Amino acid sequence: MAVQVPFVLKHCRTTLERTEKFISSEYFTDCNLRGRLYSSRCPLDFLSSFLTSKRISYTEAIKQEFKPANVGDSFGPTWWTCWFKVQLTIPKDWNGKEVHFLWESDGEGMVWRDGHPVQGLTTEGQKTSYILTECLKTEDPHSMILYVEVACNGLFGAGQGSMIAPPDANKKFYLQKAELAVFNGDVHELLMDFEILIDMAKLLGEGNQRSFQALYTANQMVNMCDVQDHTTFPAVHKMASAFFSQKNGYSQHIVHAMGHCHIDSAWLWPYEETIRKCARSWITVIRLMEKNPNFVFVCSQAQQFEWVKNSYPDLYSKIQDYVKKGQFVPVGGTWVEMDGNLPSGESMVRQFLQGQRFFKQEFGKQCLEFWLPDTFGYSAQLPQIMQGCGIKRFLTQKLSWNLVNSFPHHTFHWEGIDGSQVLAHFPPGDSYGMQGNVGEVLKTVKNHKEKGRVNHSAFLFGFGDGGGGPTQPMLDRLERMQDTDGLPKVQMSIPDAFFSAVEADQSLLCTWVGELFLELHNGTYTTQAQIKKGNRECERILHDIEAVSSMALSQNLSFHYPSSKLQHLWRLLLLNQFHDVLPGSCINLVVEGALRYYLEIHRDGAPLLKEAMTAILGFCEQKSAASVTALNTLSWERTEVITGSHQSGQDSLVLVKVPSMGYTTVTESLVPPHPVTISKQLDGSITMENGILRVTLDSTGRITSLYLIESKRESVTESCFGNQFAIFDDIPLYWDAWDVMDYHLETRKPVVHLLSPLTIASSDKLRGSLKFSLRISETSVIHQEVVLDAMCPYVRFNTEVIWNEAHKFLKVEFPVRVRNLNATYEIQFGHLQRPTHWNTSWDWARFEVWGHKWADLSEHGFGVAVLNNCKYGYSVHENVMRLSLLRAPKSPDATADIGHHQFIYAVMPHRDSFQEAGVIQYAYNLNFPLHAVPCEAKAKCWSAFSLLSPAIILETVKQAEDRADALVIRLYESHGSSVNTTLQTALILKEVIQCDLLEQPILDKTVPLTESGIELSFTPFQIISLLLILKI
C-alpha cells in the first residue's frame, strides 16, 4: 500500500517565505532553484587589458598593447575606458548546451565580436551575460576572441557618495567576474513562473481568492520540483502554465506594454558618453528582437539616431531593418527631448522640424506622437506647436513628481492657449522605466484616474535615464501576464495602437486648459546662468542670420543662403536645449561642452551675418566712417539710441529711426523731443528724466521713485525700494541644482552693503547713466550701470556680478503700486496669467515660475513690466515683482554659477494695458539690438516687411527647407485677440501659400495677395506660417 503524503495545514507567511527562498539569489543557493540557473562553469583562457583616457574606435583599440589582467583587478579613473581582450575556449563536452559569457564589473561594458558590437553589459542594468551560442554544435568554433569595452562610469555617472553628487574624478572600477557557463533555460523559465506567482500571492491581497490560488500553486510547484533532477521541471512548468492560462474577463483593463530606454542626451555624463550609451542599449535591444519577434521597443530623439548612424553604421543598419518590421519604433518627432519651458517658440518649432524631417528621411515616416516623459513642465503653447507639426498625441509622466498637488488625470485632452487640443496620456504607473513585474502592473490599474472613462493605459518598461533598456526576464514576466485571471490584460503594443484604442472611446475624457506646471524643479529656471544666457543669445544670433540672409536672397537669388551651415548651428542649439542641459541640472563636463557649442554658434555665425549684411547693404563695414547704417531684424519701426563711430575714431551716440525688418543710413543723429537730464541731490540721490520717465535712485542704487510723467503715476510702493537686491538661503530637500523650496522665501536678506555709492557715469542729451557697487558677501559683489535713453520708456540695468556663493539665491525686487489677482508672463508665441495670491495649494505651489523676456503686473489703465535679456525665473506675489538672477547649487556641479556674470534687465511703467503700451515689442527690442554698421554711403532706407497691426509679431524669416526660391515666414498673434491685418512687403512675390510648421502646404488655406500686401486673419495666439514664392 502506497504511503499517503499527509495534508499540511498551510500557514500563509511560512508558505510564502518558503517559495521566496526557493528562488532567492541570497539564501540557500546551494540547494534552491536559483543556484541551478548556471551549471557547469569554465575559466577563460587568458584575459588582458589596456587603459585609455579617450573614447577610441574598435579598430584603433585592438592595435594597442594589452597587458595581463585578472578578476579582482581595478581600473579607472572616471571617464577613462578600459578595453579587455578575452581569449576563451568552450569545452567540447558542452555540445548541445546554451553557453554564456558571464561578466560582472563596475562601469558600462560593450562586447565586441568579429569587429561588431553585439551586447551591452552593465551590472546596474541586470545585463551580465552574453550568449555565445544557444546550442553549441560540434562543427561550431569552440575557441574565439572577444573584446569588452568598459566605460569608467556607471549608468548614472560616477557621483561621489550619492547619485547626483559631482563625479568622483579618481574613482576606481573593479572586475568581479569573467567566465564561461552553461545556461539552463528550463530553470530560467521556472524562475519566471515562480516570480509571477509569488508576486500575485503577495500583492493581490488576503481578500482575493486568486492570491491564495497563486500561493498554493507555487507551494505545490516547490513540492514537485527536484532541483537535482531536471526531468521534474516540465511538469512543474506545466502546472504554472495551467494557472496562467486561466483567462481574464472581457472588461479587464488593458495595459499596453512597450519596451523603452530613456537615455538622457547628457546629464551625469557628457554628450560623448551618451553616444556609447545608445550603442550599448540599442544593440542589446536588437539581440532581444532576434529572440522575441513580438517584442516592441519605442525610441525617441533624432540626435541619438544620428550619433549611432555616424559612429556605429552596422548597428544603425540593423535598427533600420527592425523599424521596417515594426518592432523598433521611432517616437517623439523632436531633435532631442528638450526642456518644455525655456526654449523659445521658434526653437520648439525647430525641434520638431529637424526631428520630423530626420525621421522621414531615415525611416520613411514621421512620428505621430510627442514623447517627452522627463522634462520639468510643459508650455501651454505646445498643443498648437504639436498640431502644426503633424502630431495630435502626447505622452509624459513627469507631473507624477508634483510635490504639492496630485494632477487629476492620466488620460485627457490638453488644450493650449489658442484652443488647440491634443490627446495626452500619463502612464499611471508613474514611471518610464518599469521592470515588468506584477506590482507595477497592478499599480498601473489602481492609480489610473480615468477608471470608467477609458480602459487602456501605457506601460513603458526597461532601464532608463542612463540607458540599459529592457531585459529578457522583463519580457518573460510580461508574457505570463498577457491574459491571466487576477491581473489586467497585458499586451505588447506600439504607441499608435494604444492611442488609437483611446481615441476610439474618448467621449468621456476631461479637458485640461493651459500649462502643465511641474510643482518641483523650479530652480532649473535659474541654475547655470551662463547656459541660459548662451541659449537666449544664440536664439537671437540664428534669428538674425536667417532674417538678414533672407533679405539678401529676396534681393538677389544668386545669394548663397547658408542653409547647411545654419542647420548645423541650429542642431547644436537644439542639442543644448536637452532637458538636463538648458535647465542646468548637469555635471560640469556637460556645462563645458554646452558652452563650447554656444561659442561655436557665436564664432561661426558672425561671418554668416556679416556676409548677408554686406550683400544687402552693398558695402562692408568701414571704421571711422562719416555715417552709420542701422539694421532692424524685427517687424516694427524702432527709434533708439545706438553707438556709432565718428570720423575721429571715437564712438558717439546716435538717435535713429529704423524701419521694420530693414535698414536706414544716417549721417547725423535725430534730435529727441526731450533730452535726458540728470540732477544730483544733497543726500546723494540722483534723478534722471527723459520726458517719459523720471527715476530717482538713492546712494545705494535703489529706486525711490519711478514716475510715469504723462500719466502722473508713481510706480514704486511708498516706503519701499525698487531695484532692491535680496539674497536667500537656498537649501532644497535633495535635488540641489533642480529645486528651490518655498521656505527659501523665509530667509530673505536685502543686499545693503555699499562698496561705491551712486555716481553719474555719463550725461548726454541722448543717454544718462549712473553707476554703483554693492557687496553681497566677502567674496561676491554687484556692479551696476543704470541707463536711461532718450525716447525710451524703460530704465535699463546693465549688471555685472562676481559670484562666489554656496546655496544662495540672488533676486532683484520691484514693489509696485499695482493691484491685480494675476500677473502676466511671456511664454512661447504668447503669454499667460498666473495668480499673485496663495489662496489654494495650486496657487502657492507656483511660488517660483518661469517666463521669457517679460513679466507684467497691471491694473486698469496702468502697469509695470520687468524685461530681461537672459533670465527665466520670476515670482510675483501680491505687489512685489521679483526676477531671479543667480543660484549656487553644489550638485551635480560643485562650481555651478561661480564666476563672472553680465546681464541686463529693465523696468517699464506704462499707461493702459501692456499690449497697448508695447511691452511685448520693447522686450523684443531689448533682446534684439539694432545692428550698427559704420559706412561711407549715401543715405538710404529700405523695409522688407511691415504689419499694420501691433498685435502680430513676425517671428521668423528663413529660406524654405525644400525650395531655394521660397522664403518661410512665421507670424503669431501676441495680444490674445482676433485680428485682421495686412502684411506689407517690398519683396516681389509670385505666390503666397499657407503651410504648417513643417513647411508643408495646407491645400485648403488660400492666402490673398493684393496690391496692398498679404491679407491675414488671426485668432488669439494663433501661429501662421507662409511660403513666399519669390519671383525670379
# chains A, B, ... in the order shown; residues from 1 in each chain; ligands from 1

call {"tool": "residues_around", "arguments": {"residues": "Ile196 in chain A", "least_positions_apart": "6", "cutoff": "12 Å", "atoms": "only C-alpha atoms", "output": "JSON, numbers by chain"}}
result
{"A": [19, 20, 23, 189, 190, 202, 203, 204, 211, 214, 215, 217, 218, 240, 241, 243, 244, 436, 437, 438, 439, 440, 441, 473, 474, 476, 477, 478, 479, 480, 481, 482, 484, 486, 487]}

call {"tool": "select_by_dssp", "arguments": {"residues": "range 825-903 of chain A", "states": "helix (DSSP H, G or I)", "output": "list in words"}}
result
Ser841, Trp842, Asp843 and Trp844 of chain A

call {"tool": "closest_residue", "arguments": {"among": "A:Gly593, A:Pro673, A:Gly355, A:Gly125", "to": "Gln567 in chain A", "atoms": "only C-alpha atoms"}}
result
A:Gly355

call {"tool": "atom_distance", "arguments": {"atom1": "CA of Asp739 in chain A", "atom2": "CA of Leu821 in chain A"}}
result
25.8 Å

call {"tool": "residues_around", "arguments": {"residues": "Ala235 in chain A", "least_positions_apart": "6", "cutoff": "10 Å", "atoms": "only C-alpha atoms", "output": "count of residues only"}}
result
4

call {"tool": "select_by_dssp", "arguments": {"residues": "range 234-356 of chain A", "states": "strand (DSSP E or B)", "output": "ChimeraX atom specification"}}
result
/A:254-260,263,297-299,328-330,338

call {"tool": "residues_around", "arguments": {"residues": "Thr633 in chain A", "least_positions_apart": "6", "cutoff": "8 Å", "atoms": "only C-alpha atoms", "output": "list in words"}}
result
Asp544, Ala547, Val548, Ser660, Met661, Gly662, Phe928 and Leu930 of chain A

call {"tool": "residues_around", "arguments": {"residues": "range 999-1008 of chain A", "least_positions_apart": "3", "cutoff": "8 Å", "atoms": "only C-alpha atoms", "output": "list in words"}}
result
Ala960, Glu961, Val968, Val992, Ile993, Gln994, Cys995, Asp996, Ile1014, Glu1015, Leu1016, Ser1025 and Leu1027 of chain A

call {"tool": "residues_around", "arguments": {"residues": "Glu17 in chain A", "least_positions_apart": "4", "cutoff": "12 Å", "atoms": "only C-alpha atoms", "output": "list of chain:residue names"}}
result
A:Lys10, A:His11, A:Cys12, A:Arg13, A:Lys21, A:Phe22, A:Ile23, A:Ser24, A:Tyr27, A:Ile198, A:Asp199, A:Ala201, A:Lys202, A:Leu215, A:Ala218, A:Asn219, A:Val222

call {"tool": "write_last_selection", "arguments": {"atoms": "N, CA, C and O atoms", "output": "compact mmCIF listing (two decimals), in the first residue's frame"}}
result
# COMPACT_ATOMS: atom_id res chain seq x y z
N LYS A 10 -1.70 24.83 5.69
CA LYS A 10 -0.75 25.84 5.24
C LYS A 10 -0.89 27.13 6.04
O LYS A 10 -1.99 27.63 6.24
N HIS A 11 0.25 27.68 6.43
CA HIS A 11 0.30 28.99 7.07
C HIS A 11 0.83 29.96 6.01
O HIS A 11 1.90 29.74 5.43
N CYS A 12 0.09 31.02 5.76
CA CYS A 12 0.41 31.87 4.61
C CYS A 12 1.82 32.43 4.67
O CYS A 12 2.55 32.42 3.67
N ARG A 13 2.24 32.90 5.84
CA ARG A 13 3.56 33.53 5.92
C ARG A 13 4.67 32.52 5.65
O ARG A 13 5.58 32.78 4.87
N LYS A 21 12.24 31.80 -0.72
CA LYS A 21 13.60 31.29 -0.50
C LYS A 21 13.99 30.29 -1.59
O LYS A 21 15.17 30.14 -1.92
N PHE A 22 12.98 29.65 -2.19
CA PHE A 22 13.27 28.65 -3.22
C PHE A 22 13.87 29.28 -4.48
O PHE A 22 14.57 28.60 -5.24
N ILE A 23 13.60 30.58 -4.69
CA ILE A 23 14.19 31.24 -5.87
C ILE A 23 15.12 32.38 -5.49
O ILE A 23 15.50 33.19 -6.33
N SER A 24 15.49 32.43 -4.21
CA SER A 24 16.33 33.53 -3.73
C SER A 24 17.74 33.47 -4.32
O SER A 24 18.31 32.39 -4.48
N TYR A 27 19.72 33.49 -0.38
CA TYR A 27 19.64 32.42 0.61
C TYR A 27 19.56 31.05 -0.07
O TYR A 27 18.89 30.88 -1.09
N ILE A 198 4.49 34.28 -6.97
CA ILE A 198 4.79 34.83 -5.63
C ILE A 198 4.32 36.27 -5.53
O ILE A 198 3.73 36.67 -4.51
N ASP A 199 4.55 37.05 -6.57
CA ASP A 199 4.10 38.44 -6.53
C ASP A 199 2.57 38.53 -6.47
O ASP A 199 2.01 39.38 -5.77
N ALA A 201 0.63 36.31 -5.15
CA ALA A 201 0.26 35.89 -3.80
C ALA A 201 0.45 37.03 -2.80
O ALA A 201 -0.36 37.23 -1.89
N LYS A 202 1.52 37.80 -2.96
CA LYS A 202 1.82 38.87 -2.03
C LYS A 202 0.96 40.11 -2.25
O LYS A 202 0.58 40.79 -1.29
N LEU A 215 -0.54 31.32 -4.37
CA LEU A 215 0.35 30.85 -3.31
C LEU A 215 0.39 29.32 -3.26
O LEU A 215 1.47 28.72 -3.20
N ALA A 218 2.23 27.85 -6.25
CA ALA A 218 3.68 27.98 -6.09
C ALA A 218 4.20 26.98 -5.08
O ALA A 218 5.27 26.35 -5.27
N ASN A 219 3.46 26.77 -3.99
CA ASN A 219 3.89 25.81 -2.98
C ASN A 219 3.92 24.39 -3.54
O ASN A 219 4.86 23.61 -3.30
N VAL A 222 6.92 23.86 -5.67
CA VAL A 222 8.13 23.59 -4.89
C VAL A 222 8.17 22.11 -4.51
O VAL A 222 9.23 21.46 -4.59

call {"tool": "residues_around", "arguments": {"residues": "Ser913 in chain A", "least_positions_apart": "3", "cutoff": "12 Å", "atoms": "only C-alpha atoms", "output": "list in words"}}
result
Thr824, Asp856, Leu857, Ser858, Glu859, His860, Gly861, Phe862, Gly863, Val864, Ala865, Pro909, His910, Glu916, Ala917, Gly918, Val919, Ile920 and His975 of chain A
